[in-house]
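Visitor: Sending over work-v1.txt (compact mmCIF, C-alpha atoms and all ligand atoms).
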# COMPACT_ATOMS: atom_id res chain seq x y z
CA MET M 588 19.56 75.81 -4.17
CA GLU M 589 19.39 78.40 -6.93
CA VAL M 590 16.54 80.86 -6.18
CA LYS M 591 16.85 83.03 -9.29
CA ASN M 592 13.73 82.79 -11.50
CA LYS M 593 12.05 80.46 -8.98
CA ALA M 594 8.98 81.40 -6.95
CA ALA M 595 8.53 81.18 -3.19
CA VAL M 596 5.58 81.12 -0.82
CA VAL M 597 6.34 83.03 2.40
CA THR M 598 3.84 82.89 5.29
CA GLY M 599 3.68 85.60 7.91
CA ALA M 600 5.16 87.79 5.18
CA GLY M 601 3.16 90.93 5.92
CA SER M 602 5.61 91.93 8.66
CA GLY M 603 9.03 91.35 10.20
CA ILE M 604 11.18 88.38 9.19
CA GLY M 605 8.69 87.17 6.55
CA ARG M 606 8.81 90.58 4.90
CA GLY M 607 12.64 90.55 5.15
CA ILE M 608 12.76 87.11 3.49
CA SER M 609 10.35 88.25 0.74
CA LEU M 610 12.46 91.32 -0.10
CA ALA M 611 15.72 89.31 -0.02
CA LEU M 612 14.18 86.72 -2.33
CA ALA M 613 13.07 89.43 -4.76
CA LYS M 614 16.57 90.96 -4.71
CA ALA M 615 17.98 87.50 -5.48
CA GLY M 616 15.67 87.22 -8.51
CA ALA M 617 12.74 85.20 -7.14
CA ASP M 618 8.97 85.80 -7.38
CA VAL M 619 7.01 85.75 -4.13
CA MET M 620 3.56 84.72 -2.97
CA VAL M 621 3.22 86.96 0.08
CA VAL M 622 0.91 85.26 2.58
CA ASP M 623 -0.47 86.57 5.86
CA ILE M 624 -3.57 86.40 8.03
CA ASP M 625 -3.60 90.20 7.59
CA LEU M 626 -4.21 90.68 3.85
CA ALA M 627 -3.59 94.46 3.84
CA SER M 628 -0.05 93.99 5.20
CA ALA M 629 0.62 91.22 2.64
CA GLN M 630 -0.53 93.52 -0.17
CA LYS M 631 1.92 96.24 0.93
CA VAL M 632 4.83 93.77 0.92
CA ALA M 633 3.73 92.41 -2.48
CA ASP M 634 3.98 96.00 -3.79
CA GLU M 635 7.52 96.23 -2.39
CA VAL M 636 8.46 92.96 -4.16
CA ARG M 637 7.04 94.27 -7.46
CA ALA M 638 9.01 97.51 -7.00
CA LEU M 639 12.13 95.29 -6.97
CA GLY M 640 11.18 93.99 -10.42
CA ARG M 641 9.73 90.57 -9.50
CA LYS M 642 6.24 89.10 -9.67
CA ALA M 643 4.26 89.04 -6.45
CA HIS M 644 0.84 87.89 -5.34
CA ALA M 645 -0.68 88.67 -1.94
CA ALA M 646 -2.93 86.08 -0.28
CA ARG M 647 -4.77 85.84 3.02
CA CYS M 648 -4.38 82.54 4.83
CA ASP M 649 -4.68 81.46 8.45
CA VAL M 650 -1.98 78.78 8.59
CA ALA M 651 -3.62 77.20 11.65
CA ASP M 652 -6.50 76.10 9.38
CA PRO M 653 -5.53 72.96 7.41
CA ALA M 654 -8.19 73.45 4.69
CA ALA M 655 -7.04 77.04 4.12
CA VAL M 656 -3.43 75.87 3.70
CA GLU M 657 -4.49 73.18 1.19
CA GLN M 658 -6.32 75.87 -0.81
CA LEU M 659 -3.28 78.13 -0.57
CA ALA M 660 -1.03 75.36 -1.94
CA ASP M 661 -3.34 74.77 -4.94
CA ALA M 662 -3.56 78.52 -5.61
CA ALA M 663 0.22 78.95 -5.32
CA PHE M 664 0.96 76.35 -8.01
CA LEU M 665 -1.63 77.95 -10.33
CA GLN M 666 -0.22 81.41 -9.72
CA PHE M 667 3.45 80.39 -9.93
CA PRO M 668 4.27 77.31 -12.07
CA ASN M 669 7.94 77.98 -11.12
CA LEU M 670 7.17 77.46 -7.40
CA ALA M 671 10.11 75.77 -5.68
CA LEU M 672 10.46 77.30 -2.20
CA VAL M 673 8.20 77.53 0.83
CA PHE M 674 8.95 79.47 3.99
CA ASN M 675 6.62 78.40 6.81
CA ASN M 676 7.44 81.48 8.83
CA ALA M 677 4.18 82.73 10.40
CA GLY M 678 4.54 82.66 14.17
CA VAL M 679 3.10 84.24 17.30
CA VAL M 680 3.93 84.50 20.98
CA ALA M 681 1.88 85.03 24.12
CA THR M 682 4.25 85.80 26.98
CA GLY M 683 3.81 85.17 30.69
CA MET M 684 4.88 82.78 33.42
CA ALA M 685 3.93 79.19 32.55
CA LEU M 686 1.40 78.76 35.36
CA ASP M 687 -0.44 81.93 34.32
CA MET M 688 -0.93 80.83 30.71
CA THR M 689 -4.38 79.75 29.51
CA GLU M 690 -5.54 76.83 27.37
CA LYS M 691 -6.31 79.36 24.61
CA ASP M 692 -2.75 80.71 24.76
CA LEU M 693 -1.55 77.14 24.26
CA GLN M 694 -3.97 76.43 21.40
CA TRP M 695 -3.21 79.69 19.59
CA THR M 696 0.57 79.41 19.88
CA PHE M 697 0.63 75.74 18.85
CA GLY M 698 -2.07 76.38 16.20
CA VAL M 699 0.10 78.90 14.34
CA ASN M 700 3.68 77.92 15.25
CA VAL M 701 3.36 74.12 15.18
CA PHE M 702 0.20 73.09 13.32
CA GLY M 703 0.74 75.93 10.83
CA VAL M 704 4.27 74.75 10.04
CA TRP M 705 3.06 71.14 9.80
CA HIS M 706 0.20 72.12 7.46
CA GLY M 707 2.50 74.14 5.20
CA SER M 708 5.30 71.54 5.19
CA THR M 709 3.03 68.60 4.34
CA ALA M 710 0.65 70.35 1.89
CA PHE M 711 3.53 71.67 -0.20
CA ALA M 712 5.84 68.63 0.19
CA ARG M 713 3.09 66.35 -1.14
CA ARG M 714 2.59 68.53 -4.20
CA PHE M 715 6.33 69.00 -4.87
CA ILE M 716 6.89 65.23 -4.69
CA GLU M 717 3.91 64.54 -7.01
CA ARG M 718 5.31 67.06 -9.51
CA GLN M 719 8.89 65.80 -9.00
CA VAL M 720 10.14 69.30 -8.18
CA LYS M 721 13.38 69.35 -6.15
CA ALA M 722 12.06 72.09 -3.88
CA TRP M 723 13.15 73.63 -0.57
CA ILE M 724 11.02 73.91 2.58
CA CYS M 725 12.24 76.33 5.28
CA ASN M 726 10.60 76.40 8.67
CA THR M 727 11.09 79.28 11.08
CA CYS M 728 12.17 78.00 14.48
CA SER M 729 14.06 80.24 16.94
CA GLU M 730 17.00 80.22 19.32
CA ASN M 731 14.25 79.00 21.69
CA GLY M 732 14.20 75.75 19.70
CA LEU M 733 17.88 75.14 20.44
CA GLY M 734 17.98 75.68 24.18
CA GLN M 735 17.18 79.33 24.84
CA ALA M 736 14.53 79.01 27.56
CA SER M 737 13.87 82.68 28.33
CA ILE M 738 11.55 83.48 31.24
CA GLY M 739 7.95 83.98 30.12
CA THR M 740 8.13 81.93 26.93
CA ALA M 741 7.39 78.31 27.99
CA ILE M 742 4.66 77.68 25.40
CA TYR M 743 6.61 79.42 22.64
CA THR M 744 9.77 77.47 23.54
CA ALA M 745 7.86 74.17 23.47
CA ALA M 746 6.39 75.09 20.07
CA LYS M 747 9.78 75.95 18.59
CA HIS M 748 11.22 72.61 19.75
CA ALA M 749 8.37 70.98 17.82
CA VAL M 750 9.35 72.95 14.69
CA LEU M 751 12.94 71.71 14.94
CA GLY M 752 11.83 68.12 15.59
CA MET M 753 9.33 67.97 12.73
CA THR M 754 11.71 69.56 10.23
CA ASP M 755 14.48 67.14 11.16
CA ALA M 756 12.08 64.17 10.87
CA LEU M 757 10.78 65.40 7.49
CA ARG M 758 14.40 65.63 6.32
CA SER M 759 14.98 62.00 7.39
CA GLU M 760 11.90 60.80 5.52
CA TYR M 761 11.97 62.97 2.36
CA GLY M 762 15.47 64.46 2.25
CA ASP M 763 16.27 62.41 -0.87
CA ARG M 764 13.57 64.33 -2.78
CA LEU M 765 13.30 67.71 -1.04
CA GLY M 766 15.57 70.14 0.78
CA PHE M 767 14.79 71.34 4.30
CA SER M 768 16.05 74.17 6.48
CA VAL M 769 15.27 75.25 10.01
CA ILE M 770 15.75 78.96 10.69
CA CYS M 771 16.96 79.76 14.24
CA PRO M 772 17.05 83.55 14.75
CA GLY M 773 17.94 85.44 17.90
CA ILE M 774 16.14 88.74 18.46
CA VAL M 775 15.02 90.54 15.31
CA LYS M 776 13.33 93.94 15.48
CA THR M 777 9.81 93.01 14.33
CA GLY M 778 6.18 93.30 15.36
CA MET M 779 6.31 90.05 17.30
CA TRP M 780 6.15 91.82 20.69
CA ASN M 781 2.59 92.74 19.62
CA ALA M 782 1.62 89.39 18.04
CA GLY M 783 -1.81 89.62 19.73
CA ARG M 784 -2.84 92.24 17.15
CA ASN M 785 -3.82 89.35 14.87
CA ARG M 786 -5.15 86.81 17.39
CA PRO M 787 -8.49 85.45 16.12
CA GLU M 788 -11.62 85.63 18.29
CA LYS M 789 -11.71 81.84 18.78
CA PHE M 790 -8.37 82.07 20.63
CA GLY M 791 -9.44 85.04 22.77
CA GLY M 792 -9.27 87.93 20.29
CA GLN M 793 -6.81 90.82 20.04
CA PHE M 794 -4.55 91.84 22.90
CA GLU M 795 -2.00 94.58 23.40
CA GLY M 796 1.65 93.46 23.51
CA ASN M 797 3.90 94.16 26.48
CA PRO M 798 5.91 97.39 25.88
CA ILE M 799 8.87 95.86 27.78
CA ASN M 800 9.08 93.19 25.08
CA GLN M 801 8.97 95.94 22.45
CA LYS M 802 11.94 97.65 24.14
CA ALA M 803 13.86 94.35 24.16
CA MET M 804 13.13 93.79 20.47
CA ASN M 805 14.57 97.22 19.63
CA TYR M 806 17.99 95.69 20.40
CA GLY M 807 17.45 93.12 17.66
CA ILE M 808 18.91 93.04 14.16
CA SER M 809 16.84 94.41 11.28
CA PRO M 810 14.38 92.09 9.49
CA GLU M 811 16.04 93.04 6.19
CA ASP M 812 19.44 91.80 7.46
CA ALA M 813 17.81 88.64 8.84
CA GLY M 814 16.07 88.02 5.49
CA ARG M 815 19.34 88.43 3.60
CA HIS M 816 21.23 85.97 5.86
CA ILE M 817 18.37 83.48 5.58
CA VAL M 818 18.15 83.59 1.78
CA ASP M 819 21.97 83.37 1.44
CA ALA M 820 21.98 80.27 3.67
CA VAL M 821 19.16 78.63 1.68
CA CYS M 822 21.21 79.23 -1.48
CA GLN M 823 24.05 77.37 0.30
CA GLU M 824 21.61 74.56 1.19
CA GLU M 825 22.16 74.84 4.96
CA PHE M 826 19.86 72.84 7.24
CA TYR M 827 20.46 74.97 10.35
CA ILE M 828 20.19 78.66 9.46
CA PHE M 829 21.46 81.29 11.88
CA THR M 830 21.16 85.05 11.94
CA HIS M 831 23.08 85.67 15.21
CA ALA M 832 26.51 84.31 16.23
CA HIS M 833 25.60 83.91 19.93
CA VAL M 834 23.10 81.14 19.16
CA ALA M 835 25.94 78.60 18.80
CA ALA M 836 26.75 79.13 22.50
CA ILE M 837 23.15 78.28 23.47
CA ALA M 838 23.32 74.95 21.62
CA GLU M 839 26.81 74.30 23.06
CA LYS M 840 25.58 74.89 26.63
CA ARG M 841 22.77 72.39 26.13
CA TRP M 842 25.17 69.82 24.69
CA GLN M 843 27.59 70.30 27.60
CA GLU M 844 24.77 69.67 30.11
CA ILE M 845 23.70 66.50 28.24
CA ASP M 846 27.29 65.29 28.01
CA ALA M 847 27.97 65.88 31.71
CA ALA M 848 24.73 64.08 32.71
CA MET M 849 25.58 61.13 30.45
CA ARG M 850 29.06 60.82 31.99
CA ARG M 851 27.63 60.89 35.55
CA GLN M 852 25.14 58.12 34.70
CA GLN M 853 27.51 56.02 32.59
CA SER M 854 28.04 53.29 35.19
CA GLN M 855 24.27 52.84 35.74
CA ILE M 856 22.99 52.69 32.16
CA ASP M 857 23.05 49.98 29.48
CA ALA M 858 26.44 50.28 27.77
CA GLY M 859 25.56 47.87 24.96
CA SER M 860 22.19 49.36 23.99
CA TYR M 861 21.12 49.44 20.33
CA SER M 862 20.34 52.83 18.87
CA THR M 863 16.78 53.38 17.61
CA ILE M 864 18.10 53.42 14.02
CA GLU M 865 19.83 50.03 14.59
CA ILE M 866 16.63 48.59 16.08
CA GLN M 867 14.57 49.94 13.14
CA SER M 868 16.86 48.29 10.57
CA LYS M 869 17.03 44.99 12.53
CA VAL M 870 13.22 44.84 12.78
CA MET M 871 12.82 45.69 9.07
CA ALA M 872 15.34 42.96 8.13
CA GLU M 873 13.58 40.39 10.38
CA PHE M 874 10.21 41.39 8.91
CA ALA M 875 11.53 41.12 5.31
CA ALA M 876 13.06 37.68 6.06
CA ALA M 877 9.82 36.44 7.67
CA THR M 878 7.62 37.60 4.80
CA ALA M 879 10.04 36.18 2.16
CA ALA M 880 10.14 32.73 3.88
CA PRO M 881 7.69 30.06 2.55
CA ASN M 882 4.55 29.89 4.69
CA ARG M 883 4.80 26.45 6.34
CA SER M 884 1.51 26.64 8.22
CA HIS M 885 -0.49 26.19 4.97
CA PRO M 886 1.08 23.35 2.95
N1 LIG M 901 11.47 88.57 15.99
C1 LIG M 901 12.23 87.74 16.64
O1 LIG M 901 13.07 88.13 17.50
C2 LIG M 901 12.16 86.27 16.34
C3 LIG M 901 13.18 85.45 16.85
C4 LIG M 901 13.14 84.09 16.57
C5 LIG M 901 12.12 83.59 15.80
N2 LIG M 901 11.14 84.42 15.32
C6 LIG M 901 10.09 83.80 14.50
O2 LIG M 901 10.03 84.49 13.27
C7 LIG M 901 8.73 84.31 12.70
C8 LIG M 901 8.21 85.64 12.21
O3 LIG M 901 7.96 86.49 13.32
P1 LIG M 901 8.31 88.04 13.32
O4 LIG M 901 9.28 88.26 14.40
O5 LIG M 901 8.64 88.51 11.96
O6 LIG M 901 6.93 88.65 13.84
P2 LIG M 901 5.87 89.65 13.15
O7 LIG M 901 4.77 89.76 14.13
O8 LIG M 901 6.53 90.88 12.70
O9 LIG M 901 5.39 88.82 11.87
C9 LIG M 901 4.59 87.66 11.98
C10 LIG M 901 3.53 87.67 10.91
O10 LIG M 901 2.77 86.45 11.01
C11 LIG M 901 1.41 86.81 10.74
N3 LIG M 901 0.51 85.80 11.31
C12 LIG M 901 0.13 85.68 12.61
N4 LIG M 901 -0.74 84.66 12.73
C13 LIG M 901 -0.89 84.12 11.49
C14 LIG M 901 -1.66 83.04 10.99
N5 LIG M 901 -2.46 82.30 11.78
N6 LIG M 901 -1.57 82.73 9.67
C15 LIG M 901 -0.78 83.48 8.85
N7 LIG M 901 -0.06 84.54 9.27
C16 LIG M 901 -0.09 84.85 10.58
C17 LIG M 901 1.23 88.16 11.38
O11 LIG M 901 0.09 88.84 10.85
C18 LIG M 901 2.56 88.84 11.04
O12 LIG M 901 2.47 89.55 9.82
C19 LIG M 901 7.88 83.64 13.78
O13 LIG M 901 7.80 82.26 13.52
C20 LIG M 901 8.68 83.90 15.04
O14 LIG M 901 8.43 82.94 16.03
C21 LIG M 901 11.15 85.74 15.59
Kindly transcribe the structure held in the file into structure tokens.

Guide:
Amino acid sequence: MEVKNKAAVVTGAGSGIGRGISLALAKAGADVMVVDIDLASAQKVADEVRALGRKAHAARCDVADPAAVEQLADAAFLQFPNLALVFNNAGVVATGMALDMTEKDLQWTFGVNVFGVWHGSTAFARRFIERQVKAWICNTCSENGLGQASIGTAIYTAAKHAVLGMTDALRSEYGDRLGFSVICPGIVKTGMWNAGRNRPEKFGGQFEGNPINQKAMNYGISPEDAGRHIVDAVCQEEFYIFTHAHVAAIAEKRWQEIDAAMRRQQSQIDAGSYSTIEIQSKVMAEFAAATAAPNRSHP
């Protein structure tokens, strides 16, 4: 996917990885619609993009709100007729042991990380397909979506699995018309330890992040490096995008556990089972044959 002279929408772009992606896009010759729930931070990043010689427009949008994302999509096409990339990157985390988490923690985390990615993917995919633009949709997942189940992140981990699942399913359904990527970073030094700074009132309002998480994030790679790896990988049309080498070992460990369990259960399970894909095509063929056959009940 060539990004030069194209435009991109980046959500959660006022800080961290979204800012890193925006700057890397600008350096690669793309214009950027810098989107965040915090407009002031988006405006600062838009200034940085302009300083790199590309067009930028800052917009406020709460990605958890489907109507706001629809409006954003309409505005983005008006602002940038060359729009061809969307990074559904906005994400939040509320940490704590699973049994201590509240319903609001669940709603907020899924609202931004899952519903937000769904809203952005579908609102933009629909418009790209209508306009017949061969565009690219990149959804920010995490190493937590591939098997990293760190203590204190159960809701976040569940949400990131949903991001991987929905992006893979969208690729199956629309991959002939659009490109898709799923970004799976390890730790990046961003403001995510303090994600509660932007939690809306309806989800419980602002809260102070845990300084231990901040210390951990200081060991992460820089958002600028992450953004550069991500944009390079989109240019190479990768589906899985990595920023850290160790993430392969996480996925490998999961696969080894699945493989070992499958081998242990081999003698008990149905060896001749059809795969879901085989069943889908059999049922479709049976349905097509039945509907093509003359209807004998009404001579
Ligand atoms: N930092 C890491 O170590 C790491 C690792 C893996 C994945 N990620 C993912 O990267 C993405 C970006 O996070 P980050 O680390 O750059 O954090 P960050 O806090 O620095 O940036 C996230 C941005 O999203 C914005 N945001 C929050 N709620 C929003 C909403 N409802 N609508 C629109 N914008 C909203 C915030 O204002 C903030 O600017 C997230 O999806 C996160 O889960 C981060």

Visitor: Select from chain M every residue with an atom at most 8 Å from any atom of ligand LIG 901 (chain M), then for each give the shortest pair of atoms and their distance in Å to one decimal, using all atoms listed in the file, rows by chain and rising number, as CSV.

Guide:
residue,atom,partner,partner_atom,distance
M:Thr598,CA,M:LIG901,N7,5.8
M:Gly599,CA,M:LIG901,O10,3.3
M:Ala600,CA,M:LIG901,O12,5.6
M:Gly601,CA,M:LIG901,O12,4.2
M:Ser602,CA,M:LIG901,O12,4.1
M:Gly603,CA,M:LIG901,O5,3.4
M:Ile604,CA,M:LIG901,O5,3.8
M:Gly605,CA,M:LIG901,O5,5.6
M:Arg606,CA,M:LIG901,O5,7.4
M:Val622,CA,M:LIG901,C15,6.7
M:Asp623,CA,M:LIG901,N7,4.0
M:Ile624,CA,M:LIG901,C15,4.1
M:Asp625,CA,M:LIG901,O11,5.1
M:Ser628,CA,M:LIG901,O12,6.9
M:Ala629,CA,M:LIG901,O12,7.6
M:Arg647,CA,M:LIG901,C15,7.4
M:Cys648,CA,M:LIG901,C15,5.5
M:Asp649,CA,M:LIG901,N6,3.6
M:Val650,CA,M:LIG901,N6,4.1
M:Ala651,CA,M:LIG901,N5,5.2
M:Asp652,CA,M:LIG901,N5,7.8
M:Asn675,CA,M:LIG901,O13,7.8
M:Asn676,CA,M:LIG901,O13,4.8
M:Ala677,CA,M:LIG901,O10,4.0
M:Gly678,CA,M:LIG901,O13,3.3
M:Val679,CA,M:LIG901,O14,5.6
M:Val680,CA,M:LIG901,O14,6.9
M:Gly698,CA,M:LIG901,N5,7.4
M:Val699,CA,M:LIG901,N5,5.0
M:Asn700,CA,M:LIG901,O13,6.2
M:Gly703,CA,M:LIG901,N5,7.2
M:Thr727,CA,M:LIG901,O13,5.1
M:Cys728,CA,M:LIG901,C5,5.7
M:Ser729,CA,M:LIG901,C4,4.0
M:Glu730,CA,M:LIG901,C4,6.1
M:Asn731,CA,M:LIG901,C4,7.3
M:Tyr743,CA,M:LIG901,O14,7.7
M:Lys747,CA,M:LIG901,O14,7.6
M:Ile770,CA,M:LIG901,C5,7.8
M:Cys771,CA,M:LIG901,C4,6.2
M:Pro772,CA,M:LIG901,C4,4.3
M:Gly773,CA,M:LIG901,C3,4.9
M:Ile774,CA,M:LIG901,O1,3.3
M:Val775,CA,M:LIG901,O1,3.8
M:Lys776,CA,M:LIG901,N1,5.7
M:Thr777,CA,M:LIG901,O8,4.2
M:Gly778,CA,M:LIG901,O8,3.6
M:Met779,CA,M:LIG901,O7,3.5
M:Trp780,CA,M:LIG901,O7,7.0
M:Asn781,CA,M:LIG901,O7,6.6
M:Ala782,CA,M:LIG901,O7,5.0
M:Arg784,CA,M:LIG901,O11,7.7
M:Asn785,CA,M:LIG901,O11,5.6
M:Arg786,CA,M:LIG901,N4,6.8
M:Met804,CA,M:LIG901,O1,6.4
M:Gly807,CA,M:LIG901,O1,6.6
M:Pro810,CA,M:LIG901,O5,7.2

Visitor: Select, from M:Val621, M:Leu612, M:Val656, M:Ala685, the residue with the minimum atom-to-atom distance to M:His644, counting all atoms listed in the file.

Guide: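 Nearest to M:His644: M:Val621.
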
Visitor: With only C-alpha atoms as the counted atoms, please give the residues lying no more than 10 Å from M:Ala745, apart from itself and same-chain residues fewer than 5 positions off, as a list of chain:residue names.

Guide: M:Leu693, M:Thr696, M:Phe697, M:Asn700, M:Val701, M:Asn731, M:Gly732, M:Ala736, M:Thr740, M:Val750

Visitor: What does the distance between atom CA of M:Ile742 and atom CA of M:Gly791 come to in Å, to one decimal place?

Guide: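 We find that atom CA of M:Ile742 and atom CA of M:Gly791 lie 16.1 Å from each other.
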
Visitor: What is the distance between atom CA of M:Lys614 and atom CA of M:Leu757, in Å to one decimal?

Guide: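 So the answer is 28.9 Å.
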
Visitor: Name the closest residue to M:Ala722 among the candidates M:Met588, M:Ala646, M:Ala655, M:Cys822; distances are taken between atoms, counting all atoms listed in the file.

Guide: M:Met588
